[in-house]
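Coordinates as given in protein28.tsv (TSV, C-alpha atoms):
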```tsv
chain	number	residue	atom	x	y	z
A	250	MET	CA	46.67	-58.20	48.28
A	251	ARG	CA	46.07	-55.61	45.55
A	252	SER	CA	45.01	-52.14	46.76
A	253	ARG	CA	41.82	-50.54	45.35
A	254	CYS	CA	40.86	-46.89	44.81
A	255	LEU	CA	37.93	-45.29	46.60
A	256	CYS	CA	36.16	-44.93	43.22
A	257	GLN	CA	36.25	-48.72	42.80
A	258	ILE	CA	34.97	-49.36	46.29
A	259	CYS	CA	31.90	-47.06	45.80
A	260	THR	CA	28.65	-48.95	45.00
A	261	CYS	CA	26.14	-46.06	44.76
A	262	GLY	CA	27.21	-45.18	41.18
A	263	SER	CA	27.83	-41.45	41.73
A	264	ASP	CA	30.44	-39.84	39.48
A	265	TYR	CA	31.52	-37.15	41.87
A	266	ARG	CA	34.29	-37.97	44.26
A	267	PRO	CA	35.71	-35.52	46.78
A	268	TYR	CA	39.44	-34.96	46.25
A	269	GLU	CA	41.94	-33.04	48.20
A	270	ILE	CA	43.00	-29.91	46.34
A	271	VAL	CA	46.73	-29.49	46.21
A	272	GLN	CA	47.82	-25.90	45.72
A	273	GLN	CA	50.18	-25.57	42.79
A	274	PRO	CA	53.45	-23.67	43.28
A	275	ARG	CA	53.37	-20.10	42.00
A	276	HIS	CA	55.84	-19.18	39.29
A	277	LEU	CA	57.95	-16.19	40.30
A	278	PRO	CA	59.31	-14.09	37.43
A	279	GLU	CA	63.02	-13.50	37.27
A	280	GLU	CA	64.37	-10.17	38.34
A	281	TYR	CA	65.26	-7.88	35.44
A	282	LYS	CA	68.92	-7.04	35.14
A	283	PRO	CA	69.85	-4.28	32.70
A	284	GLN	CA	72.73	-4.98	30.35
A	285	GLN	CA	75.91	-2.95	30.56
A	286	GLY	CA	77.08	-0.72	27.73
A	287	GLU	CA	75.39	1.63	25.22
A	288	ILE	CA	72.51	0.67	22.89
A	289	ASP	CA	73.37	0.46	19.20
A	290	LEU	CA	70.57	2.37	17.46
A	291	HIS	CA	71.64	1.38	13.94
A	292	THR	CA	69.05	-0.59	11.94
A	293	THR	CA	69.33	-2.95	8.99
A	294	TYR	CA	67.82	-0.30	6.70
A	295	LYS	CA	70.50	2.26	7.63
A	296	ARG	CA	73.25	-0.28	7.19
A	297	ASP	CA	72.18	-1.76	3.80
A	298	PHE	CA	70.71	1.30	2.08
A	299	SER	CA	73.15	4.17	1.76
A	300	SER	CA	72.15	7.60	0.46
A	301	TYR	CA	72.97	8.72	-3.08
A	302	ASN	CA	73.31	12.22	-4.53
A	303	VAL	CA	70.27	12.56	-6.78
A	304	GLN	CA	70.25	15.26	-9.48
A	305	PRO	CA	67.07	16.67	-11.03
A	306	VAL	CA	65.95	14.90	-14.23
A	307	ALA	CA	66.35	16.94	-17.40
A	308	ARG	CA	63.15	17.53	-19.43
A	309	VAL	CA	62.99	15.62	-22.70
A	310	ARG	CA	60.02	17.60	-24.03
A	311	PRO	CA	61.15	20.47	-26.29
A	312	LEU	CA	60.22	23.99	-25.42
A	313	GLU	CA	57.08	25.34	-27.01
A	314	ARG	CA	57.82	27.94	-29.62
A	315	ARG	CA	55.07	30.20	-30.76
A	316	ARG	CA	55.20	31.22	-34.37
A	317	VAL	CA	53.85	34.68	-35.06
A	318	ARG	CA	52.59	35.04	-38.61
A	319	LYS	CA	52.04	38.39	-40.17
A	320	GLY	CA	49.29	39.06	-42.67
A	321	LYS	CA	45.54	38.78	-42.99
A	322	ILE	CA	43.71	35.64	-41.84
A	323	ASP	CA	41.85	33.64	-44.46
A	324	MET	CA	38.41	33.08	-42.90
A	325	VAL	CA	37.28	30.45	-45.45
A	326	PRO	CA	36.93	27.08	-43.64
A	327	THR	CA	38.00	23.71	-45.05
A	328	TYR	CA	34.39	22.57	-45.60
A	329	LYS	CA	33.59	25.51	-47.87
A	330	ASP	CA	36.91	25.25	-49.68
A	331	ASP	CA	36.64	21.49	-50.44
A	332	TYR	CA	32.88	21.18	-51.03
A	333	ARG	CA	31.69	23.49	-53.79
A	334	ALA	CA	28.05	24.07	-54.66
A	335	TRP	CA	26.94	22.29	-57.83
A	336	ASP	CA	24.47	23.66	-60.34
A	337	VAL	CA	21.65	21.11	-59.92
A	338	GLN	CA	18.76	21.38	-62.38
A	339	LYS	CA	15.24	20.77	-61.08
A	340	SER	CA	13.66	17.55	-62.36
A	341	GLU	CA	10.26	17.72	-64.00
A	342	LEU	CA	7.29	15.95	-62.39
A	343	CYS	CA	5.90	12.92	-64.23
A	344	LYS	CA	2.57	13.02	-62.32
A	345	PRO	CA	-0.33	14.29	-64.44
A	346	GLU	CA	-2.03	17.38	-63.16
A	347	GLN	CA	-5.50	16.70	-61.74
A	348	THR	CA	-7.83	19.60	-61.19
A	349	TYR	CA	-10.33	19.10	-58.37
A	350	TYR	CA	-13.95	19.91	-59.24
A	351	PRO	CA	-16.45	19.95	-56.35
A	352	PRO	CA	-19.57	17.76	-56.88
A	353	ALA	CA	-22.78	19.54	-57.77
A	354	VAL	CA	-25.09	16.68	-56.60
A	355	LYS	CA	-25.92	16.02	-52.96
A	356	PHE	CA	-24.00	13.21	-51.23
A	357	GLY	CA	-26.37	10.26	-51.03
A	358	ASN	CA	-24.30	7.44	-49.53
A	359	SER	CA	-25.32	6.20	-46.09
A	360	THR	CA	-22.90	5.68	-43.23
A	361	THR	CA	-22.14	2.44	-41.32
A	362	PHE	CA	-24.00	3.76	-38.27
A	363	GLN	CA	-27.15	4.43	-40.34
A	364	ASP	CA	-27.06	0.93	-41.86
A	365	ASP	CA	-26.45	-0.98	-38.58
A	366	TYR	CA	-28.57	1.11	-36.19
A	367	VAL	CA	-32.25	0.21	-35.95
A	368	PRO	CA	-34.30	2.51	-33.72
A	369	ARG	CA	-36.44	0.64	-31.24
A	370	GLU	CA	-39.14	1.73	-28.87
A	371	THR	CA	-38.39	1.51	-25.15
A	372	GLN	CA	-40.67	-0.78	-23.19
A	373	PRO	CA	-40.93	-0.91	-19.39
A	374	ARG	CA	-39.51	-4.03	-17.77
A	375	GLN	CA	-41.72	-6.66	-16.22
A	376	SER	CA	-41.70	-6.66	-12.42
A	377	PHE	CA	-40.85	-10.02	-10.77
A	378	LYS	CA	-41.48	-8.79	-7.24
A	379	PRO	CA	-43.74	-11.17	-5.27
A	380	ARG	CA	-47.12	-9.95	-4.20
A	381	ALA	CA	-47.18	-8.66	-0.62
A	382	VAL	CA	-50.57	-10.20	0.21
A	383	ALA	CA	-50.93	-12.00	3.53
A	384	GLU	CA	-52.93	-15.22	3.37
A	385	ARG	CA	-55.09	-15.77	6.38
A	386	PRO	CA	-55.26	-19.38	7.66
A	387	ALA	CA	-58.55	-21.06	8.50
A	388	VAL	CA	-57.22	-22.94	11.59
A	389	PRO	CA	-57.42	-20.99	14.89
A	390	PHE	CA	-54.13	-20.13	16.62
A	391	ASN	CA	-52.96	-22.32	19.49
A	392	GLY	CA	-50.76	-20.37	21.89
A	393	ASP	CA	-48.99	-23.41	23.45
A	394	THR	CA	-45.20	-23.28	23.35
A	395	SER	CA	-42.54	-25.95	23.98
A	396	HIS	CA	-41.79	-24.42	27.39
A	397	ARG	CA	-45.41	-24.59	28.47
A	398	LEU	CA	-45.79	-28.18	27.30
A	399	ASP	CA	-42.47	-29.54	28.67
A	400	TYR	CA	-42.52	-27.59	31.94
A	401	VAL	CA	-43.33	-29.68	35.00
A	402	PRO	CA	-44.46	-27.63	38.00
A	403	TYR	CA	-43.08	-28.60	41.37
A	404	GLN	CA	-44.54	-27.82	44.73
A	405	LEU	CA	-42.26	-25.58	46.73
A	406	GLU	CA	-41.88	-25.85	50.42
A	407	SER	CA	-43.37	-23.05	52.40
A	408	LYS	CA	-40.81	-20.69	53.80
A	409	SER	CA	-40.81	-20.05	57.49
A	410	ALA	CA	-41.66	-16.49	58.29
A	411	ARG	CA	-38.90	-14.83	60.27
A	412	PRO	CA	-40.24	-12.45	62.93
A	413	LYS	CA	-39.00	-8.92	62.64
A	414	GLU	CA	-36.86	-7.76	65.53
A	415	VAL	CA	-38.06	-4.74	67.39
A	416	TYR	CA	-35.54	-1.90	67.58
A	417	ARG	CA	-34.49	-1.10	71.14
A	418	PRO	CA	-32.44	2.04	71.63
A	419	THR	CA	-29.49	1.92	74.08
A	420	SER	CA	-29.65	3.73	77.37
A	421	GLN	CA	-25.96	4.89	77.23
A	422	PRO	CA	-25.12	8.09	75.37
A	423	PHE	CA	-23.20	7.89	72.04
A	424	GLU	CA	-19.51	8.71	72.48
A	425	GLY	CA	-18.61	9.12	68.80
A	426	LEU	CA	-15.07	7.69	69.26
A	427	THR	CA	-13.48	5.65	66.45
A	428	THR	CA	-10.60	3.16	66.63
A	429	HIS	CA	-8.22	5.76	65.25
A	430	ARG	CA	-9.24	8.31	67.86
A	431	CYS	CA	-8.90	5.82	70.70
A	432	ALA	CA	-5.55	4.36	69.57
A	433	PHE	CA	-3.90	7.63	68.52
A	434	GLN	CA	-4.39	10.22	71.22
A	435	GLY	CA	-1.44	12.37	70.13
A	436	LEU	CA	1.69	13.39	72.02
A	437	ALA	CA	1.68	16.28	74.38
A	438	GLY	CA	4.23	18.94	73.51
A	439	GLU	CA	4.80	22.49	72.51
A	440	THR	CA	3.79	23.75	69.12
A	441	ALA	CA	6.59	24.24	66.62
A	442	LYS	CA	7.78	27.79	66.22
A	443	THR	CA	8.16	29.20	62.77
A	444	CYS	CA	11.63	30.20	61.56
A	445	ARG	CA	10.28	32.61	59.03
A	446	PRO	CA	11.31	36.21	59.77
A	447	ALA	CA	8.64	38.74	60.42
A	448	PRO	CA	7.72	40.66	57.29
A	449	ALA	CA	9.17	44.13	57.85
A	450	ARG	CA	7.67	46.55	55.43
A	451	ALA	CA	10.13	49.21	54.36
A	452	THR	CA	8.58	52.64	54.17
A	453	ALA	CA	10.38	55.52	52.54
A	454	ASP	CA	9.32	59.11	52.34
A	455	ALA	CA	11.47	59.79	49.27
A	456	ARG	CA	9.93	59.58	45.81
A	457	PHE	CA	10.61	56.45	43.74
A	458	GLU	CA	13.15	57.27	41.04
A	459	GLY	CA	12.37	54.24	38.84
A	460	SER	CA	16.02	53.33	38.20
A	461	THR	CA	17.11	49.69	38.04
A	462	GLU	CA	20.44	47.90	38.28
A	463	PHE	CA	20.51	47.42	34.51
A	464	ARG	CA	19.96	51.14	33.91
A	465	ASP	CA	22.65	52.12	36.42
A	466	SER	CA	25.25	49.65	35.01
A	467	PHE	CA	24.60	50.27	31.32
A	468	GLN	CA	24.62	53.95	30.53
A	469	PRO	CA	23.94	55.18	26.99
A	470	TRP	CA	27.07	55.80	24.97
A	471	GLU	CA	27.53	58.43	22.34
A	472	ILE	CA	27.95	56.71	18.98
A	473	PRO	CA	29.75	58.81	16.37
A	474	ALA	CA	28.09	59.25	13.03
A	475	PRO	CA	29.44	57.00	10.27
A	476	GLU	CA	31.77	58.58	7.78
A	477	VAL	CA	30.22	59.13	4.38
A	478	ARG	CA	32.51	58.04	1.58
A	479	ARG	CA	32.20	60.29	-1.41
A	480	PRO	CA	32.35	58.57	-4.80
A	481	GLN	CA	34.99	59.64	-7.27
A	482	GLU	CA	33.84	61.87	-10.06
A	483	TYR	CA	33.63	60.23	-13.48
A	484	VAL	CA	36.19	61.59	-15.96
A	485	PRO	CA	35.43	60.58	-19.57
A	486	PRO	CA	38.44	59.32	-21.56
A	487	PRO	CA	39.77	61.65	-24.27
A	488	GLY	CA	39.06	60.95	-27.95
A	489	THR	CA	36.19	59.25	-29.71
A	490	MET	CA	35.05	55.67	-29.05
A	491	GLN	CA	35.47	53.12	-31.83
A	492	LEU	CA	32.32	51.01	-32.04
A	493	HIS	CA	33.73	48.52	-34.55
A	494	SER	CA	33.83	44.87	-33.43
A	495	THR	CA	36.02	42.01	-34.67
A	496	SER	CA	33.15	40.63	-36.78
A	497	GLN	CA	32.57	43.97	-38.48
A	498	LEU	CA	36.26	44.43	-39.33
A	499	ASP	CA	36.94	40.83	-40.55
A	500	TYR	CA	33.56	40.06	-42.22
A	501	VAL	CA	33.55	40.34	-46.02
A	502	PRO	CA	30.01	40.79	-47.48
A	503	HIS	CA	29.13	38.61	-50.49
A	504	PRO	CA	26.43	39.47	-53.00
A	505	ALA	CA	23.62	36.92	-52.76
A	506	THR	CA	20.12	36.65	-54.23
A	507	ARG	CA	17.06	35.72	-52.17
A	508	VAL	CA	15.69	32.21	-52.67
A	509	ALA	CA	12.27	32.25	-54.33
A	510	PRO	CA	9.60	30.12	-52.55
A	511	ILE	CA	8.42	26.98	-54.39
A	512	ARG	CA	5.07	26.84	-52.54
A	513	PRO	CA	2.19	28.11	-54.71
A	514	VAL	CA	0.39	31.24	-53.63
A	515	PRO	CA	-2.94	30.38	-51.95
A	516	ARG	CA	-5.93	31.60	-53.89
A	517	ARG	CA	-8.97	32.64	-51.95
A	518	ARG	CA	-12.28	31.65	-53.43
A	519	SER	CA	-14.92	34.29	-53.37
A	520	ASN	CA	-18.33	32.69	-52.63
A	521	THR	CA	-21.39	34.91	-52.39
A	522	SER	CA	-23.89	32.15	-51.50
A	523	PRO	CA	-24.91	31.81	-47.84
A	524	PHE	CA	-23.30	29.12	-45.67
A	525	GLN	CA	-25.28	25.90	-45.35
A	526	GLY	CA	-24.61	24.62	-41.84
A	527	LYS	CA	-26.29	21.24	-42.36
A	528	SER	CA	-24.58	17.91	-41.80
A	529	THR	CA	-25.50	14.26	-42.31
A	530	THR	CA	-26.25	13.81	-38.59
A	531	ARG	CA	-28.58	16.83	-38.46
A	532	GLU	CA	-30.52	15.69	-41.52
A	533	ASP	CA	-30.88	12.00	-40.50
A	534	PHE	CA	-31.45	12.60	-36.77
A	535	PRO	CA	-33.90	15.49	-36.39
A	536	ALA	CA	-35.03	16.63	-32.98
A	537	TRP	CA	-37.96	14.61	-31.67
A	538	GLU	CA	-40.81	16.03	-29.69
A	539	SER	CA	-40.34	14.38	-26.32
A	540	CYS	CA	-42.40	14.83	-23.18
A	541	ARG	CA	-41.50	13.90	-19.65
A	542	ARG	CA	-42.58	10.44	-18.62
A	543	GLY	CA	-44.96	10.37	-15.72
A	544	LEU	CA	-44.51	8.42	-12.49
A	545	ILE	CA	-45.50	4.74	-12.60
A	546	LYS	CA	-47.66	4.13	-9.55
A	547	GLN	CA	-48.64	0.61	-8.63
A	548	GLN	CA	-52.19	-0.09	-7.67
A	549	GLN	CA	-52.80	-0.63	-4.00
A	550	GLN	CA	-53.13	-4.36	-3.43
A	551	LEU	CA	-53.81	-4.27	0.31
A	552	HIS	CA	-57.05	-2.72	1.39
A	553	ASN	CA	-57.46	-1.29	4.82
A	554	PRO	CA	-59.76	-3.42	7.00
A	555	SER	CA	-63.09	-1.91	7.88
A	556	GLY	CA	-64.08	-4.20	10.77
A	557	LYS	CA	-62.71	-4.70	14.28
A	558	PHE	CA	-59.15	-6.09	14.80
A	559	ASP	CA	-59.20	-9.84	15.54
A	560	GLY	CA	-55.89	-9.85	17.45
A	561	LEU	CA	-54.52	-12.85	15.50
A	562	SER	CA	-50.85	-12.81	14.49
A	563	THR	CA	-49.26	-14.77	11.67
A	564	PHE	CA	-47.74	-17.26	14.14
A	565	ARG	CA	-51.11	-17.93	15.80
A	566	ALA	CA	-52.88	-18.29	12.48
A	567	HIS	CA	-50.33	-20.70	10.91
A	568	TYR	CA	-49.33	-22.69	14.03
A	569	LEU	CA	-50.36	-26.34	14.10
A	570	PRO	CA	-50.39	-27.96	17.55
A	571	HIS	CA	-48.64	-31.32	17.99
A	572	GLU	CA	-48.83	-33.73	20.88
A	573	PRO	CA	-45.52	-33.74	22.77
A	574	VAL	CA	-43.72	-37.05	23.11
A	575	PRO	CA	-41.65	-37.21	26.32
A	576	THR	CA	-38.02	-38.23	25.78
A	577	GLU	CA	-36.97	-41.45	27.48
A	578	SER	CA	-34.17	-40.90	29.99
A	579	CYS	CA	-31.11	-43.13	29.58
A	580	LYS	CA	-29.49	-41.97	32.79
A	581	PRO	CA	-28.72	-44.83	35.23
A	582	PHE	CA	-30.27	-44.86	38.65
A	583	HIS	CA	-28.26	-43.71	41.66
A	584	ALA	CA	-28.49	-47.11	43.42
A	585	PRO	CA	-25.39	-48.42	45.26
A	586	LEU	CA	-24.10	-51.84	44.28
A	587	HIS	CA	-24.06	-54.31	47.17
A	588	SER	CA	-21.97	-57.50	47.22
A	589	SER	CA	-21.95	-60.35	49.72
A	590	SER	CA	-18.20	-61.07	49.30
A	591	PRO	CA	-15.72	-59.06	51.42
A	592	PHE	CA	-13.71	-56.29	49.78
A	593	GLU	CA	-10.15	-57.22	48.83
A	594	ALA	CA	-7.93	-54.15	49.23
A	595	LEU	CA	-5.21	-55.52	46.96
A	596	THR	CA	-3.57	-53.75	43.98
A	597	LEU	CA	-1.11	-54.87	41.30
A	598	TYR	CA	1.60	-52.77	42.91
A	599	SER	CA	1.11	-54.32	46.33
A	600	THR	CA	1.10	-57.88	44.93
A	601	ASP	CA	4.03	-57.53	42.46
A	602	TYR	CA	6.29	-55.26	44.55
A	603	ILE	CA	9.31	-56.96	46.08
A	604	PRO	CA	11.00	-54.90	48.78
A	605	LYS	CA	14.75	-54.61	48.56
A	606	LYS	CA	17.19	-53.92	51.31
A	607	GLN	CA	18.93	-50.56	51.06
A	608	GLU	CA	22.67	-51.00	51.20
A	609	VAL	CA	24.95	-48.27	52.54
A	610	CYS	CA	27.77	-47.26	50.20
A	611	PRO	CA	31.12	-48.03	51.86
A	612	ALA	CA	32.66	-44.92	50.23
A	613	SER	CA	30.41	-42.67	52.36
A	614	PHE	CA	32.44	-43.54	55.49
A	615	PRO	CA	35.72	-41.75	56.23
A	616	SER	CA	37.35	-45.15	56.34
A	617	PRO	CA	35.43	-47.91	54.48
A	618	PRO	CA	34.73	-50.92	56.69
A	619	GLY	CA	36.89	-53.92	55.82
A	620	TYR	CA	39.61	-51.75	54.22
A	621	VAL	CA	42.85	-50.17	55.50
A	622	PHE	CA	44.18	-46.89	54.12
A	623	GLU	CA	47.51	-47.14	52.30
A	624	ASP	CA	48.46	-43.93	50.46
A	625	THR	CA	47.27	-41.12	48.12
A	626	ASP	CA	48.58	-40.67	44.58
A	627	ALA	CA	49.53	-37.36	42.82
A	628	GLN	CA	45.98	-36.89	41.48
A	629	GLY	CA	44.38	-37.11	44.92
A	630	HIS	CA	42.96	-40.65	44.71
A	631	LYS	CA	42.95	-42.59	47.94
A	632	PHE	CA	43.88	-46.28	47.84
A	633	PHE	CA	42.74	-48.85	50.41
A	634	ARG	CA	43.74	-52.45	51.03
A	635	LYS	CA	41.15	-55.08	51.88
A	636	ILE	CA	41.56	-56.87	55.18
A	637	THR	CA	41.72	-60.65	54.81
A	638	PRO	CA	40.23	-62.64	57.72
A	639	SER	CA	42.74	-64.74	59.60
A	640	VAL	CA	42.17	-68.50	59.46
A	641	LYS	CA	42.98	-70.45	62.59
A	642	ALA	CA	44.87	-73.63	62.15
A	643	PHE	CA	43.40	-76.83	63.62
```

Please express the file's structure as structure tokens.
Amino acid sequence: MRSRCLCQICTCGSDYRPYEIVQQPRHLPEEYKPQQGEIDLHTTYKRDFSSYNVQPVARVRPLERRRVRKGKIDMVPTYKDDYRAWDVQKSELCKPEQTYYPPAVKFGNSTTFQDDYVPRETQPRQSFKPRAVAERPAVPFNGDTSHRLDYVPYQLESKSARPKEVYRPTSQPFEGLTTHRCAFQGLAGETAKTCRPAPARATADARFEGSTEFRDSFQPWEIPAPEVRRPQEYVPPPGTMQLHSTSQLDYVPHPATRVAPIRPVPRRRSNTSPFQGKSTTREDFPAWESCRRGLIKQQQQLHNPSGKFDGLSTFRAHYLPHEPVPTESCKPFHAPLHSSSPFEALTLYSTDYIPKKQEVCPASFPSPPGYVFEDTDAQGHKFFRKITPSVKAF
């Protein structure tokens, strides 16, 4: 008969199976044994790369030799030596000379603003505000509201009058004890003594000197006066001072003539006539005689009543009474439904449910019934062999 594992015998379908944990052997490291002899500290770099005697590299660049020239320096630059000034003659103007003559007649042309602008008189705007006049209705005001019309009064039951209890004072005197006073009486014992020393006031007949620890420890030291360093007296050098600079010694003056200006000399015109400070704007737009505009007051449209106040508001005057129409209630009546047939307490679950017998998983037993334990493999799985019933021969 073939043996079966405990996982194959289980019928409950659980994935977890208890296995026996086998402790693995611990690996012990080998004991270190030092090698005999000396360590060779030579490396591959020391063996393959030997040192060479290196000499300093000779400079290929020649030494700089300064040539000292004797004589006077020519201060004329290359630009002035190569580019000479040419004698350029001035070209004559081909434009005819036009002499300006001021006009003797008054300027009569009109401007664009004078042609396009048309003065208009300002007119007050028309008021579109509605008239605030209250129109009095002819129908009298009916003061019935929706609450008054829809309200249904109900008769309330009369409340039973509760008789007032008469106060009766107690004959026993008031103790004035609370729960805290009764429960916590306190422990009898001696009062705690204070560890604070008695304040002993030191009295001295000697006069207070006013010295402190800081004054006694740090006494004033005598600081010597700083030494005054005297400046050295100025001794003028012998001989006279040469005030010539390099520019004054090397500069060669050249005779040059001053350039005459080409701009003509302005000629001032002498005018004895008085200045006319009039312009086109002042002549065309003279000052107008303007007066301040008065306040625009609207005429009173509402007149104060002279008679007695009627006591009618706008709502009472404009209200039109309507007969209320009661709304039909669609709510069903609270009447229980009675049936002559008996009540069947059956549901779909109770009619369709088929009870099943709960089977016990054979793997939950230490030794499954009907099986005999054989052995356990390396992974911890237990194998059982099924017992075959013995058949008796006839």

Just give me the gap between atom CA of Asp364 of chain A and atom CA of Glu532 of chain A in Å, one decimal is fine.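 Computing the Euclidean distance for atom CA of Asp364 of chain A and atom CA of Glu532 of chain A yields 15.2 Å.
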
What is the distance between atom CA of Pro570 of chain A and atom CA of Asp393 of chain A, in Å to one decimal?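 If I compute the distance from atom CA of Pro570 of chain A to atom CA of Asp393 of chain A, I get 7.6 Å.
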
Could you state the separation of atom CA of Cys254 of chain A and atom CA of Lys606 of chain A in Å, given to one decimal place? 25.5 Å

The residue from A:Val415, A:Ala437, A:Leu312, A:Ala612 with the smallest atom-to-atom distance to Phe633 of chain A, counting only C-alpha atoms, is A:Ala612

Show me, as a list in words, the residues that have an atom within 12 Å of Asp399 of chain A when counting all atoms listed in the file, minus same-chain residues fewer than 3 positions from it.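 Close residues of Asp399 of chain A: Asp393, Thr394, Ser395, His396, Pro402, Glu572, Pro573, Val574, Pro575 and Thr576 of chain A.
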
Residue neighbourhood Val382 of chain A, 10 Å, all atoms listed in the file, exclusion window fewer than 4 positions, as a short mmCIF file (atom, residue, chain, number, x, y, z; two decimals) with C-alpha atoms, in the coordinates of the input:
```
data_model
loop_
_atom_site.label_atom_id
_atom_site.label_comp_id
_atom_site.auth_asym_id
_atom_site.auth_seq_id
_atom_site.Cartn_x
_atom_site.Cartn_y
_atom_site.Cartn_z
CA GLN A 550 -53.13 -4.36 -3.43
CA LEU A 551 -53.81 -4.27 0.31
CA HIS A 552 -57.05 -2.72 1.39
#
```

Repaired coordinates for segment 620-626 of chain A (all heavy atoms) as a tab-separated table (two decimals), in the frame of the given file:
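Contents of the output file rebuild29.tsv:
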```
chain	number	residue	atom	x	y	z
A	620	TYR	N	38.47	-52.21	55.01
A	620	TYR	CA	39.61	-51.75	54.22
A	620	TYR	C	40.54	-50.95	55.13
A	620	TYR	O	40.10	-50.34	56.11
A	620	TYR	CB	39.16	-50.88	53.06
A	620	TYR	CG	38.42	-51.64	51.98
A	620	TYR	CD1	37.04	-51.79	52.04
A	620	TYR	CD2	39.12	-52.19	50.90
A	620	TYR	CE1	36.37	-52.47	51.06
A	620	TYR	CE2	38.44	-52.87	49.92
A	620	TYR	CZ	37.07	-53.01	49.98
A	620	TYR	OH	36.40	-53.70	49.00
A	621	VAL	N	41.83	-50.91	54.75
A	621	VAL	CA	42.85	-50.17	55.50
A	621	VAL	C	43.50	-49.19	54.54
A	621	VAL	O	43.85	-49.55	53.40
A	621	VAL	CB	43.91	-51.13	56.11
A	621	VAL	CG1	44.98	-50.34	56.86
A	621	VAL	CG2	43.26	-52.13	57.03
A	622	PHE	N	43.62	-47.93	54.96
A	622	PHE	CA	44.18	-46.89	54.12
A	622	PHE	C	45.67	-47.12	53.90
A	622	PHE	O	46.41	-47.41	54.84
A	622	PHE	CB	43.95	-45.52	54.77
A	622	PHE	CG	44.58	-44.40	54.01
A	622	PHE	CD1	44.03	-43.94	52.82
A	622	PHE	CD2	45.74	-43.79	54.49
A	622	PHE	CE1	44.62	-42.91	52.13
A	622	PHE	CE2	46.33	-42.76	53.79
A	622	PHE	CZ	45.78	-42.30	52.60
A	623	GLU	N	46.10	-46.96	52.63
A	623	GLU	CA	47.51	-47.14	52.30
A	623	GLU	C	48.19	-45.82	51.98
A	623	GLU	O	49.02	-45.34	52.73
A	623	GLU	CB	47.65	-48.11	51.11
A	623	GLU	CG	47.49	-49.57	51.49
A	623	GLU	CD	47.90	-50.48	50.35
A	623	GLU	OE1	48.11	-49.97	49.22
A	623	GLU	OE2	47.99	-51.70	50.58
A	624	ASP	N	47.84	-45.20	50.84
A	624	ASP	CA	48.46	-43.93	50.46
A	624	ASP	C	47.54	-43.19	49.50
A	624	ASP	O	46.47	-43.68	49.12
A	624	ASP	CB	49.83	-44.18	49.83
A	624	ASP	CG	49.73	-45.06	48.60
A	624	ASP	OD1	48.64	-45.67	48.42
A	624	ASP	OD2	50.69	-45.14	47.83
A	625	THR	N	47.99	-41.98	49.07
A	625	THR	CA	47.27	-41.12	48.12
A	625	THR	C	48.21	-40.80	46.97
A	625	THR	O	49.38	-40.44	47.20
A	625	THR	CB	46.81	-39.81	48.79
A	625	THR	OG1	46.04	-40.14	49.97
A	625	THR	CG2	45.95	-38.99	47.85
A	626	ASP	N	47.72	-40.93	45.72
A	626	ASP	CA	48.58	-40.67	44.58
A	626	ASP	C	48.66	-39.17	44.29
A	626	ASP	O	48.11	-38.33	45.02
A	626	ASP	CB	48.09	-41.45	43.35
A	626	ASP	CG	46.69	-41.04	42.96
A	626	ASP	OD1	46.07	-40.24	43.71
A	626	ASP	OD2	46.19	-41.50	41.91
```
